[in-house]
Each structure stands twice: as structure tokens, then as C-alpha cells.
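Enquirer: Just protein_28.tsv, nothing more (TSV, C-alpha atoms):
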chain	number	residue	atom	x	y	z
A	1	MET	CA	84.12	104.29	127.87
A	2	GLY	CA	86.76	102.02	126.40
A	3	MET	CA	89.44	102.15	123.78
A	4	LEU	CA	89.32	99.75	120.82
A	5	SER	CA	92.17	99.26	118.36
A	6	ILE	CA	91.40	97.58	115.06
A	7	GLY	CA	94.26	96.43	112.83
A	8	VAL	CA	93.32	95.41	109.30
A	9	PHE	CA	95.56	93.84	106.67
A	10	SER	CA	93.00	92.68	104.09
A	11	SER	CA	92.51	94.24	100.68
A	12	LEU	CA	89.96	96.95	99.97
A	13	VAL	CA	88.50	95.13	96.99
A	14	GLY	CA	88.24	91.33	97.09
A	15	SER	CA	87.52	91.03	100.78
A	16	MET	CA	84.77	92.32	103.06
A	17	ASP	CA	87.08	92.57	106.07
A	18	LEU	CA	87.72	96.30	105.69
A	19	ASP	CA	84.02	96.97	105.26
A	20	PHE	CA	83.35	95.03	108.46
A	21	ALA	CA	86.13	96.84	110.33
A	22	VAL	CA	84.77	100.26	109.39
A	23	ARG	CA	81.21	99.26	110.34
A	24	LEU	CA	82.47	97.97	113.68
A	25	ALA	CA	84.36	101.22	114.22
A	26	ARG	CA	81.14	103.13	113.53
A	27	ALA	CA	79.19	101.03	116.05
A	28	ALA	CA	81.86	101.56	118.71
A	29	ILE	CA	82.13	105.31	118.09
A	30	ASN	CA	78.35	105.69	118.19
A	31	LYS	CA	78.43	104.06	121.62
A	32	GLY	CA	81.00	106.60	122.77
A	33	HIS	CA	84.15	104.49	122.62
A	34	THR	CA	87.52	105.65	121.35
A	35	VAL	CA	88.61	103.77	118.22
A	36	ASN	CA	91.99	103.51	116.51
A	37	LEU	CA	92.11	101.98	113.05
A	38	TRP	CA	95.44	100.69	111.72
A	39	LEU	CA	95.72	99.97	108.00
A	40	SER	CA	98.59	97.75	106.91
A	41	GLY	CA	99.48	95.56	103.93
A	42	ASN	CA	96.77	95.60	101.25
A	43	ALA	CA	94.40	97.46	103.59
A	44	THR	CA	96.38	100.64	102.95
A	45	ALA	CA	94.33	100.99	99.74
A	46	LEU	CA	91.58	102.39	101.96
A	47	SER	CA	93.77	105.39	102.71
A	48	LYS	CA	93.75	106.48	99.07
A	49	ASP	CA	91.77	109.55	98.11
A	50	LYS	CA	89.43	109.81	95.11
A	51	GLN	CA	87.91	106.34	95.34
A	52	LYS	CA	84.87	105.86	93.17
A	53	GLU	CA	81.76	104.04	94.31
A	54	PHE	CA	80.55	101.09	92.28
A	55	LYS	CA	77.52	99.02	93.14
A	56	ASP	CA	79.53	95.82	92.70
A	57	TYR	CA	81.86	96.58	95.61
A	58	SER	CA	81.53	97.71	99.18
A	59	PHE	CA	82.46	101.35	99.69
A	60	PRO	CA	83.75	101.97	103.23
A	61	ASP	CA	85.44	105.22	102.16
A	62	LYS	CA	82.31	107.30	102.73
A	63	THR	CA	81.70	105.95	106.24
A	64	LEU	CA	85.37	106.31	107.04
A	65	ARG	CA	85.31	110.03	106.24
A	66	GLU	CA	82.25	110.53	108.43
A	67	LEU	CA	83.94	108.68	111.29
A	68	ILE	CA	87.13	110.71	110.99
A	69	GLY	CA	84.89	113.73	111.52
A	70	LYS	CA	83.58	112.08	114.69
A	71	GLY	CA	87.04	111.42	116.11
A	72	LEU	CA	88.12	108.08	114.61
A	73	THR	CA	91.91	107.89	114.47
A	74	VAL	CA	93.10	106.26	111.25
A	75	VAL	CA	96.77	105.50	110.67
A	76	SER	CA	98.15	103.81	107.56
A	77	CYS	CA	101.47	101.97	107.41
A	78	GLU	CA	103.96	104.28	105.75
A	79	ALA	CA	106.13	101.56	104.20
A	80	CYS	CA	103.10	99.63	102.93
A	81	ASN	CA	101.75	102.82	101.36
A	82	GLN	CA	105.01	103.75	99.70
A	83	SER	CA	105.62	100.23	98.40
A	84	ARG	CA	102.22	100.50	96.69
A	85	GLY	CA	102.95	103.92	95.22
A	86	ILE	CA	100.57	105.76	97.55
A	87	GLN	CA	102.22	109.05	98.42
A	88	LYS	CA	101.12	111.37	101.20
A	89	GLU	CA	99.41	113.67	98.71
A	90	ASP	CA	97.36	110.72	97.40
A	91	MET	CA	95.83	110.05	100.80
A	92	THR	CA	92.44	111.02	102.16
A	93	GLU	CA	92.61	114.06	104.43
A	94	GLY	CA	92.53	113.08	108.09
A	95	ILE	CA	94.35	109.77	107.64
A	96	ASN	CA	97.82	109.79	109.10
A	97	ARG	CA	100.69	107.53	108.29
A	98	ALA	CA	103.30	106.07	110.59
A	99	SER	CA	105.29	102.93	111.25
A	100	MET	CA	103.99	99.81	112.96
A	101	ASP	CA	105.41	100.60	116.39
A	102	LEU	CA	102.62	103.18	116.74
A	103	TYR	CA	100.00	100.45	116.19
A	104	LEU	CA	101.60	98.25	118.83
A	105	ALA	CA	101.73	101.17	121.25
A	106	LYS	CA	98.01	101.89	120.67
A	107	ALA	CA	97.21	98.17	121.01
A	108	ALA	CA	99.11	98.00	124.29
A	109	GLN	CA	96.99	100.84	125.67
A	110	SER	CA	93.66	99.55	124.38
A	111	ASP	CA	90.99	97.70	126.31
A	112	ARG	CA	90.34	95.50	123.30
A	113	VAL	CA	92.27	94.75	120.11
A	114	LEU	CA	90.67	93.29	117.01
A	115	HIS	CA	93.37	92.20	114.63
A	116	ILE	CA	92.26	91.08	111.16
A	117	GLY	CA	95.55	89.85	109.83
A	118	VAL	CA	94.84	87.21	107.24
A	119	GLU	CA	92.80	87.46	104.06
B	10	MET	CA	109.44	102.30	131.86
B	11	GLY	CA	105.99	101.49	133.24
B	12	LEU	CA	103.80	98.44	132.71
B	13	LYS	CA	104.64	95.39	130.65
B	14	ASN	CA	102.19	94.54	127.94
B	15	LYS	CA	102.44	91.13	126.28
B	16	ILE	CA	101.46	90.79	122.64
B	17	MET	CA	101.58	87.43	120.89
B	18	PHE	CA	101.95	87.12	117.14
B	19	VAL	CA	100.67	83.86	115.68
B	20	VAL	CA	101.93	83.07	112.20
B	21	GLN	CA	99.91	80.49	110.31
B	22	ARG	CA	100.74	81.29	106.68
B	23	PRO	CA	103.73	79.89	104.72
B	24	PRO	CA	106.53	82.23	103.61
B	25	TYR	CA	106.56	84.12	100.32
B	26	LYS	CA	103.00	83.16	99.33
B	27	SER	CA	101.53	86.22	100.98
B	28	GLU	CA	102.73	89.28	102.84
B	29	ASP	CA	101.26	88.07	106.14
B	30	PRO	CA	104.27	86.29	107.73
B	31	LYS	CA	106.61	89.15	106.90
B	32	LEU	CA	104.18	91.68	108.39
B	33	ALA	CA	103.95	89.56	111.53
B	34	LEU	CA	107.72	89.56	111.88
B	35	THR	CA	108.20	93.27	111.19
B	36	HIS	CA	105.40	94.13	113.64
B	37	ALA	CA	106.98	91.91	116.30
B	38	LEU	CA	110.39	93.47	115.70
B	39	SER	CA	108.96	96.98	116.08
B	40	SER	CA	107.90	96.17	119.66
B	41	GLY	CA	111.30	97.38	120.77
B	42	VAL	CA	110.60	100.98	119.77
B	43	THR	CA	107.06	101.43	121.11
B	44	SER	CA	108.59	103.29	124.04
B	45	ILE	CA	108.84	106.40	121.86
B	46	HIS	CA	105.02	106.53	122.02
B	47	ILE	CA	104.08	105.15	125.44
B	48	ASP	CA	105.56	104.63	128.86
B	49	GLU	CA	104.91	100.89	128.71
B	50	GLU	CA	107.04	98.01	127.58
B	51	VAL	CA	105.63	95.82	124.80
B	52	VAL	CA	106.93	92.27	125.13
B	53	PRO	CA	106.40	90.20	121.99
B	54	THR	CA	106.12	86.44	121.64
B	55	VAL	CA	105.97	84.87	118.19
B	56	ALA	CA	104.47	81.43	117.55
B	57	PHE	CA	104.48	79.54	114.26
B	58	ILE	CA	101.70	77.05	113.66
B	59	GLY	CA	100.27	75.13	110.69
B	60	ASP	CA	102.04	75.88	107.41
B	61	GLY	CA	103.46	78.97	109.14
B	62	ILE	CA	106.20	76.75	110.59
B	63	LEU	CA	107.84	76.77	107.13
B	64	ASN	CA	108.97	80.32	107.91
B	65	CYS	CA	111.39	78.79	110.42
B	66	VAL	CA	113.34	76.59	108.02
B	67	ARG	CA	116.92	77.79	107.60
B	68	ASP	CA	118.90	78.68	104.45
B	69	GLN	CA	116.10	80.59	102.73
B	70	LYS	CA	117.12	81.94	99.32
B	71	SER	CA	114.57	84.71	98.93
B	72	MET	CA	117.15	87.28	97.83
B	73	GLU	CA	118.17	85.06	94.94
B	74	ALA	CA	114.60	84.03	94.07
B	75	TYR	CA	112.61	87.18	94.70
B	76	GLY	CA	115.15	89.91	95.45
B	77	ILE	CA	113.79	90.45	98.96
B	78	ILE	CA	115.13	90.09	102.49
B	79	SER	CA	114.28	86.66	103.85
B	80	ASN	CA	111.93	85.91	106.70
B	81	GLU	CA	114.91	84.01	108.08
B	82	ARG	CA	116.76	87.30	108.47
B	83	HIS	CA	113.85	88.79	110.43
B	84	ILE	CA	113.58	85.69	112.62
B	85	LYS	CA	117.31	85.85	113.33
B	86	ASN	CA	116.91	89.50	114.33
B	87	MET	CA	114.06	88.51	116.61
B	88	LEU	CA	116.18	85.85	118.29
B	89	ALA	CA	119.08	88.28	118.60
B	90	THR	CA	116.76	90.67	120.45
B	91	ASP	CA	115.60	87.89	122.81
B	92	THR	CA	112.10	87.49	121.39
B	93	LYS	CA	110.46	84.31	122.64
B	94	THR	CA	109.88	82.23	119.50
B	95	LEU	CA	107.79	79.06	119.51
B	96	VAL	CA	107.19	76.47	116.83
B	97	CYS	CA	104.41	73.88	116.96
B	98	LYS	CA	105.89	70.41	117.47
B	99	GLU	CA	102.96	68.57	115.87
B	100	ASP	CA	103.25	70.70	112.73
B	101	ILE	CA	107.00	70.25	112.22
B	102	GLU	CA	106.50	66.51	112.63
B	103	ARG	CA	103.58	66.56	110.17
B	104	LEU	CA	105.79	68.23	107.57
B	105	GLY	CA	108.79	66.02	108.34
B	106	ILE	CA	111.07	68.87	109.39
B	107	LYS	CA	113.86	67.96	111.77
B	108	GLU	CA	114.74	70.43	114.52
B	109	GLU	CA	118.26	70.82	113.14
B	110	ARG	CA	116.75	72.42	110.02
B	111	LEU	CA	115.28	75.29	112.04
B	112	ILE	CA	116.78	78.78	112.01
B	113	ASP	CA	119.49	79.51	114.51
B	114	ALA	CA	120.99	82.92	115.29
B	115	SER	CA	124.02	81.85	117.30
B	116	ASP	CA	126.26	83.38	114.59
B	117	MET	CA	124.76	86.74	115.63
B	118	GLY	CA	125.51	86.05	119.27
B	119	ALA	CA	121.92	85.22	120.14
B	120	ASP	CA	121.25	83.22	123.27
B	121	MET	CA	117.59	82.78	122.37
B	122	THR	CA	116.73	79.81	120.18
B	123	ILE	CA	113.52	78.67	118.53
B	124	LYS	CA	111.65	76.49	120.98
B	125	VAL	CA	109.72	73.51	119.63
B	126	VAL	CA	106.67	72.97	121.83
B	127	PRO	CA	103.39	71.02	121.69
B	128	PHE	CA	100.38	73.01	120.51
B	129	ASN	CA	98.95	72.87	124.03
B	130	GLU	CA	101.87	74.96	125.23
B	131	ILE	CA	101.20	77.53	122.51
B	132	LEU	CA	97.58	77.70	123.66
B	133	LYS	CA	98.76	78.25	127.23
B	134	GLU	CA	101.05	81.04	126.03
B	135	MET	CA	98.10	82.66	124.24
B	136	GLU	CA	96.19	82.77	127.53
B	137	GLU	CA	99.10	84.51	129.22
B	138	ASN	CA	99.29	87.33	126.67
B	139	ASP	CA	97.30	90.56	126.81
B	140	HIS	CA	96.62	90.66	123.08
B	141	LEU	CA	96.79	88.19	120.19
B	142	MET	CA	97.51	89.02	116.59
B	143	PHE	CA	96.94	86.31	113.99
B	144	PHE	CA	98.73	86.52	110.68
Rewrite the coordinates I just gave you, this time as C-alpha cells.
Expert:
Amino acid sequence: MGMLSIGVFSSLVGSMDLDFAVRLARAAINKGHTVNLWLSGNATALSKDKQKEFKDYSFPDKTLRELIGKGLTVVSCEACNQSRGIQKEDMTEGINRASMDLYLAKAAQSDRVLHIGVE
Amino acid sequence: MGLKNKIMFVVQRPPYKSEDPKLALTHALSSGVTSIHIDEEVVPTVAFIGDGILNCVRDQKSMEAYGIISNERHIKNMLATDTKTLVCKEDIERLGIKEERLIDASDMGADMTIKVVPFNEILKEMEENDHLMFF
């Protein structure tokens, strides 16, 4: 089985990129692959706990929590989080935070990298 | 240090309109410290295409205008750490930017300079990298 790293930089609300990334992660994990998800820029909003589901917006939070339980590694950019006022205690349990060198290291070791860098 | 892994960062957005170019530059700069996680060297290349080439124009006044460190500062740091930096020739011509207006880090002792190349050469560089990251 392979290792996939997905880096996402798009916003949680206003773009469907994060929703797509989480769905892709689910498909890969269900096939037995190892998946790393890197949240940077506006995508760090996905790391925030206590999101509320509305029918007008996609809601990847629920799937993300299930996938973390199945072994998905999720890391959120520490500086991006802090610049947006998201402290460690505000984050969903199971999501780690680190600096971008960790993402590059994971990417370097991955069989495939999907980088969604522009909104 | 084990294997070399080449990652190319392609910047296509103009500066200060979105966070994307800055994130590209900070990610590229962090390549130098990936060795704390893995026994592999990450070798970055950064290419500016489309409106992204505007990131490479010198004398940026972002500190005065926005109170933030300029993309110019990050690009100079990249050059000072020998990061291969390419700018699309067709795009600088399209926007009427002369090569002498591009950022230079010789004041920091950098040997590396921004290289103006045809888009075909950037495509060739993409093929030679292990991973591509578009910003």
C-alpha cells in the first residue's frame, strides 16, 4: 500500500477544496493507503473544534473525525493557526500542529502528493 | 544524509493579493530543516509564472504599506541559501519588466541569482522534480 500526502490551503467555507480533500482521504484510507493531511493558510479553519453543521455548507468535520479514528494523520500549520487566533485548546482532538518543514518531509517520503494550493 | 528529493514550488499569484505566494516562499525556505524529520535531503526549486512573476520585482514596500515582511525578503533569503529560482521570460516581457528590476541578493553575499528562462525550460524543470506544489 502507498503513502499519500494531501496539502490544502483553501478556506473551509467558500471553497469545496477541503471537502474534496477529505473525501479523497477517505477513499484512500478505505483502500488501505496511509494518508497525511496538511492544513495551511485558510484551510486551518478545519482544525477548529465545535464547528456547527448547516445545510448550506459542506461539513467535512464529521468525516475528518471518523478518519482520524481510522489512522488519518492531520497536521495544521502552527503559525497559520495562531495568526487566525486558533489556539491549541480550540483544536479538534487528534489534529496536531507543526511547522511546514514537517509537511515537506512527509511529502518527500510519499508515493504521491496532492497539493491544493490556490483557491 | 540519504536520498535527495526534489520539490518544485510554482508561484502563479501576484504578491499581497492573497497569502499564496508568501506560503510558497515560506514552504520553500523550510526545506532546509526537513532533516530534523527524515534522513533525506529536500531540494527546492521555485518558479514564478503568470502574474506570479510580480513577486520578483525589487524594492517592495510592504512594510510601509501593510506592516508585513516583503516577499522580496523571502526571495532574497532563498537566493542566499542557493535555492534555484526561475522566472518565466514570456511573462516578464508581457508585463514589460526589465531584468534589471528583478530582485538580487548580492548584498547578502548570494551567488545565486534569479534566472529568466522560457516557459519550456520551466516545464522541463517540472518533469525533473519528484513533486510539484502550485501556489
Enquirer: Using Å and a single decimal, report how far atom CA of Thr63 of chain A sits from atom CA of Lys48 of chain A.
Expert: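 One can read the atom CA of Lys48 of chain A to atom CA of Thr63 of chain A distance as 14.0 Å.
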Enquirer: Which residues are close to Arg26 of chain A, i.e. within 9 Å by only C-alpha atoms, leaving aside same-chain residues fewer than 5 positions away? Reply as a list in words.
Expert: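 In the requested format, the answer is Ala21, Lys31, Val35, Thr63, Leu64, Leu67 and Leu72 of chain A.
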Enquirer: Provide the atom CA of Leu37 of chain A to atom CA of Ile6 of chain A distance in Å, to one decimal place.
Expert: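 If I compute the distance from atom CA of Leu37 of chain A to atom CA of Ile6 of chain A, I get 4.9 Å.
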Enquirer: One number please: atom CA of Glu137 of chain B to atom CA of Lys85 of chain B, in Å, one decimal.
Expert: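 Taking atom CA of Glu137 of chain B as the start and atom CA of Lys85 of chain B as the end point, the length is 24.2 Å.
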Enquirer: Determine which residues of chain B sit within 6 Å of chain A, taking into account all atoms listed in the file, and present them as a PyMOL selection string.
Expert: chain B and resi 14+36+39+43+142-144
Enquirer: Can you pull out the residues contacting Pro23 of chain B? Cut-off 6 Å, using all atoms listed in the file, and skip same-chain residues under 3 positions away; I want them as a PDB file with C-alpha atoms, in the coordinates of the input.
Expert:
ATOM      1  CA  ASP B  60     102.040  75.880 107.410  1.00  0.00           C
ATOM      2  CA  GLY B  61     103.460  78.970 109.140  1.00  0.00           C
ATOM      3  CA  LEU B  63     107.840  76.770 107.130  1.00  0.00           C
TER       4      LEU B  63
END
